[in-house]
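Novice: One structure, pasted below without further comment.
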Amino acid sequence: MRPTTRLRIVACLLLCSTTSSLTAQQPEIIPAGYRVETIPLPDGVAFGVGGLGFANDGTLFVCTREGDVWALANNKWKLFANGLHEPLGIYVDPKSSQVFVVQRPELTELIDENGDGRADRFRTVCDTWGLTNNYHEYAYGLVRDSKGNFYGTLNTTLSWPGWAGSDQWDIARVHDGKMGRAAKYRGWAFRVSPDGTFEPWSSGLRSPAGIGINKADELFCTDNQGDWVATSCLHVLRKGDFHGHPSSLTDHPDYAGVDLNTIPIEKYGQLREPAAVNFPHGDLANSPGEPVVDDTGGRFGPFAGQMLVGDQTRSNVFRVVLDKVQGQYQGCAINFIDHLQTGIVRLRFAADSSLWVGQTGRGWRSRGRTTFGLERIVWDGETVPFAVHSVRLTTDGFDVRFTRPADPKRAAVKAAYRIERWQYKHHPDYGSPKFEQASVTVRDIQLSADRMTARIKMPLRTGTMYQFTIDVAAADGAVMSSRVAWYTLNRLRQ
């Protein structure tokens with residue numbers, strides 16, 4: 001049987017099996033043309049999803065926070081492996097269907113040597129990074145580049161005795177931040193070569209709960225608000241970059257023997273590469289997970305090429321539109337689907353271009369009716385919802401683009417665009433309030449001839465968040481499901 005035929009058969013079986021599980025309760029916020037289906041889980045199993053991956057025959061592999069790996073094929077679940085240490089990332093090779101997981105102490109290949117559908121050999125690929133008995137030392141992943149290198153991220157140690165309940169992990173806290181580094185390479189992104197060689201990649205992360213990669217092998221990760229992290233955000237992971245949380249510099253060769261507390265707080269702000277996109281805490285995201293790129297070529301709707309991120313606390317999925325300015329990424333975030341059944345940490349597109357949503361709320365608390373689960377977001381293939389497609393920087397303002405023509409009587413009116421701005425502070429405190437909040441005066445609005453783009457002229461300021469609240473309807477009267485977009489302006493377009 002040809003691989004493409006086999007994929008179609010498996011996709012059809014999955015579609016038939018999940019259509020019957022379509023729940024009557026849909027999210028409170030969802031664009032027209034999309035629906036959410038709930039996937040039945042193995043009976044009696046705690047199923048807090050830690051990672052999702054598809055084999056080349058369409059089989060879905062799911063690793064769980066409870067230490068299992070399950071396989072879903074032909075509408076049947078089968079336990080593939082168990083006994084792992086809280087795996088929070090899985091990679092299934094699209095050609096060979098080899099299964100790799102990142103668990104707290106190591107990167108592991110799970111091998112089914114006798115072909116019975118159950119892993120019978122666990123091969124350690126790499127276990128170079130450090131680990132203590134601190135509950136907060138998660139290891140996240142897992143992506144692989146075109147050369148076969150793996151990438152993941154390592155959580156810092158919860159070190160402040162007032163939170164951790166013990167001073168045994170009180171190591172490498174900087175300027176009384178809450179997180180430290182009681183084991184090596186905590187707060188780093190890392191690369192593991194095909195032969196298992198570990199390489200520290202970039203530093204300064206706090207709780208980088210999800211890592212993503214695009215077809216150009218560019219790496220991204222989210223980080224969660226906390227000490228030294230003003231608000232949750234998306235970073236571009238470039239080798240050698242420092243992202244702002246200083247405890248990880250303990251393992252940086254340039255800081256060997258340096259007391260990191262002697263470096264001024266302001267200096268860390270100057271050394272860091274700012275987040276590409278900030279996610280306003282409480283407004284859009286509290287605990288973002290894995291970013292995935294919509295590489296379906298339009299088979300998931302009008303947002304091809306954009307990035308999708310789920311949030312573990314808010315139980316929503318939002319879109320990220322990257323904008324390259326002066327050679328660096330910045331961009332906007334827009335809510336997409338909100339109030340799913342529980343918190344979201346992992347996303348993965350299937351061969352049929354549906355988006356599978358891995359969920360967990362255990363211990364972290366999430367909005368929703370369950371504590372774990374698996375859902376599937378499907379586009380009907382026809383309906384184009386009226387939405388803000390993107391917000392991009394110009395030399396004197398922003399272009400707000402819609403997914404289809406807007407009502408010209410409304411879209412060309414200044415009052416339809418309420419714009420606010422503020423800044424965040426980079427400091428060791430837990431998160432940051434919004435500083436220097438102000439309304440922004442719109443100088444001019446020009447609507448394009450196709451009525452798809454509103455060019456807004458306005459004053460611009462670097463290091464600033466811009467919130468756009470847009471009161472515009474489509475030419476046929478359709479309204480938006482999400483009217484707010486947030487743009488992170490780090491650099492001006494020249």
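If you're wondering about the labels, chains in the structure tokens are A, B, ... by order shown, residues count from 1 in each chain, ligands from 1 in order shown.
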Could you give me, as CSV, a per-residue list for range 356-415 of chain A showing, wherever an atom lies at most 6 Å from an atom of range 468-483 of chain A, the closest pair of atoms and their distance in Å to one decimal, using only C-alpha atoms and sorting by chain then residue number from low to high?
Specialist:
```
residue,atom,partner,partner_atom,distance
A:Phe386,CA,A:Met480,CA,5.6
A:Ala387,CA,A:Met480,CA,5.3
A:Pro405,CA,A:Ala475,CA,5.8
A:Ala406,CA,A:Ala474,CA,4.1
A:Asp407,CA,A:Ala475,CA,4.0
A:Arg410,CA,A:Val472,CA,5.9
A:Ala411,CA,A:Val472,CA,5.6
```
Novice: Write to file, as a short mmCIF file (atom, residue, chain, number, x, y, z; two decimals), in the first residue's frame, the residues of the selection just made, with N, CA and C atoms.
Specialist:
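Here's the written file part.cif:
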```
data_model
loop_
_atom_site.label_atom_id
_atom_site.label_comp_id
_atom_site.auth_asym_id
_atom_site.auth_seq_id
_atom_site.Cartn_x
_atom_site.Cartn_y
_atom_site.Cartn_z
N PHE A 386 -14.55 36.12 9.49
CA PHE A 386 -14.05 37.49 9.47
C PHE A 386 -13.24 37.70 10.74
N ALA A 387 -11.96 37.99 10.54
CA ALA A 387 -11.04 38.11 11.68
C ALA A 387 -9.91 39.06 11.32
N PRO A 405 -12.99 41.18 2.98
CA PRO A 405 -13.28 42.62 2.91
C PRO A 405 -14.11 43.13 4.08
N ALA A 406 -13.71 44.31 4.56
CA ALA A 406 -14.39 44.94 5.68
C ALA A 406 -15.42 45.94 5.19
N ASP A 407 -16.33 46.28 6.08
CA ASP A 407 -17.34 47.31 5.80
C ASP A 407 -16.61 48.64 5.67
N ARG A 410 -17.20 51.54 8.16
CA ARG A 410 -16.68 51.42 9.52
C ARG A 410 -15.16 51.29 9.56
N ALA A 411 -14.60 50.56 8.61
CA ALA A 411 -13.17 50.26 8.66
C ALA A 411 -12.30 51.48 8.41
#
```
Novice: Got a sec: who's within 7 Å of range 89-106 of chain A, counting only C-alpha atoms, leaving out chain neighbours fewer than 4 positions off, as a list in words?
Specialist: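 Selected residues are Gly50, Gly51, Leu52, Gly53, Phe54, Ala55, Asn56, Cys63, Leu84, His85, Leu110, Thr124, Cys126, Asp127, Leu131, Tyr138, Ala139, Tyr140, Gly141, Leu142 and Val143 of chain A.
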Novice: Atoms to include: N, CA and C atoms. Write the selected residues as a tab-separated table (two decimals), in the first residue's frame.
Specialist:
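Result went into part_38.tsv, see below:
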```
chain	number	residue	atom	x	y	z
A	50	GLY	N	1.73	15.28	27.80
A	50	GLY	CA	3.02	15.94	27.82
A	50	GLY	C	3.62	16.13	26.44
A	51	GLY	N	3.12	15.39	25.45
A	51	GLY	CA	3.64	15.51	24.09
A	51	GLY	C	2.79	14.74	23.11
A	52	LEU	N	2.80	15.20	21.85
A	52	LEU	CA	2.04	14.58	20.77
A	52	LEU	C	2.95	14.40	19.56
A	53	GLY	N	2.79	13.27	18.86
A	53	GLY	CA	3.54	13.05	17.64
A	53	GLY	C	2.88	12.00	16.77
A	54	PHE	N	2.94	12.19	15.45
A	54	PHE	CA	2.34	11.26	14.50
A	54	PHE	C	3.41	10.46	13.78
A	55	ALA	N	3.19	9.14	13.66
A	55	ALA	CA	4.05	8.28	12.86
A	55	ALA	C	3.66	8.40	11.39
A	56	ASN	N	4.48	7.80	10.51
A	56	ASN	CA	4.20	7.96	9.08
A	56	ASN	C	2.97	7.20	8.60
A	63	CYS	N	2.67	11.10	24.95
A	63	CYS	CA	3.31	10.85	26.24
A	63	CYS	C	2.56	11.65	27.30
A	84	LEU	N	8.20	6.05	32.65
A	84	LEU	CA	9.06	7.20	32.37
A	84	LEU	C	8.90	8.26	33.46
A	85	HIS	N	9.83	9.19	33.52
A	85	HIS	CA	9.83	10.22	34.55
A	85	HIS	C	9.29	11.53	33.96
A	110	LEU	N	12.56	5.10	22.42
A	110	LEU	CA	11.73	3.96	22.81
A	110	LEU	C	11.66	3.02	21.62
A	124	THR	N	19.15	5.33	26.10
A	124	THR	CA	19.52	6.68	26.49
A	124	THR	C	20.30	7.33	25.35
A	126	CYS	N	20.89	10.88	25.47
A	126	CYS	CA	21.69	11.90	26.14
A	126	CYS	C	21.15	12.13	27.55
A	127	ASP	N	22.05	12.20	28.53
A	127	ASP	CA	21.63	12.50	29.91
A	127	ASP	C	22.62	13.45	30.56
A	131	LEU	N	20.02	17.26	37.31
A	131	LEU	CA	18.69	17.05	37.89
A	131	LEU	C	18.82	16.84	39.38
A	138	TYR	N	11.55	20.66	35.27
A	138	TYR	CA	10.99	20.01	34.09
A	138	TYR	C	11.98	20.07	32.92
A	139	ALA	N	11.87	19.09	32.04
A	139	ALA	CA	12.58	19.11	30.76
A	139	ALA	C	11.53	19.07	29.66
A	140	TYR	N	11.61	20.03	28.73
A	140	TYR	CA	10.58	20.19	27.70
A	140	TYR	C	11.16	19.91	26.32
A	141	GLY	N	10.28	19.50	25.43
A	141	GLY	CA	10.69	19.29	24.04
A	141	GLY	C	9.49	18.86	23.23
A	142	LEU	N	9.65	18.31	22.10
A	142	LEU	CA	10.95	17.95	21.53
A	142	LEU	C	10.84	18.23	20.04
A	143	VAL	N	11.84	18.90	19.47
A	143	VAL	CA	11.84	19.12	18.03
A	143	VAL	C	13.18	18.68	17.46
```
Novice: Find the residues around Gly358 in chain A up to 12 Å (only C-alpha atoms counted), leave out those fewer than 2 positions away in its own chain, and share them as a PyMOL selection string.
Specialist: chain A and resi 38-39+41+47-53+60-65+88-90+289-290+309-312+315-317+340-349+355-356+360-361+371-377
Novice: Using only C-alpha atoms, can you tell me which of A:Ile419, A:Leu447, A:Ala285, A:Ala275 comes closest to Arg401 in chain A?
Specialist: A:Leu447
Novice: A:Ala172, A:Ala485, A:Leu393, A:Ile263: which is nearest Arg418 in chain A, counting only C-alpha atoms?
Specialist: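 Answer, going by the shortest atom-to-atom distance: A:Ala485.
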Novice: Identify, on the basis of only C-alpha atoms, every residue whose closest approach to Ser207 in chain A does not exceed 9 Å; exclude the query and any residue fewer than 4 positions from it along the same chain; express the result as a ChimeraX atom specification.
Specialist: /A:136,138,153-156,187,222-226
Novice: For a quick check of understanding, using only C-alpha atoms, which of A:Thr462, A:Ser390, A:Asn214, A:Ser202 has the smallest distance to Val292 in chain A?
Specialist: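 Between A:Thr462, A:Ser390, A:Asn214, A:Ser202, the residue approaching Val292 in chain A most closely is A:Asn214.
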Novice: Choose the residue, out of A:Thr132, A:Ser159, A:Gln467, A:Gln494, that has the smallest atom-to-atom separation from Leu284 in chain A; count only C-alpha atoms.
Specialist: A:Gln467
Novice: Write out as a PyMOL selection string the set of residues from range 190-238 of chain A that DSSP, computed on the backbone, places in strand (DSSP E or B).
Specialist: chain A and resi 190-192+198-203+210-213+219-223+226-227+229+233-236
Novice: Would you compute the distance between CA of Thr296 in chain A and CA of Gly331 in chain A? Give it in Å to one decimal.
Specialist: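 Interatomic distance here is 21.0 Å.
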Novice: Which residue, A:Asn82, A:Asp323, A:Asn149, A:Ala412, has the smallest gap to Arg121 in chain A when you use only C-alpha atoms?
Specialist: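 For Arg121 in chain A, the nearest of the given residues is A:Asn82.
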Novice: Which of these residues is nearest to Asp338 in chain A, using only C-alpha atoms: A:Thr313, A:Gln306, A:Thr403, A:Ser232?
Specialist: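 Of A:Thr313, A:Gln306, A:Thr403, A:Ser232, the one nearest Asp338 in chain A is A:Thr313, counting only C-alpha atoms.
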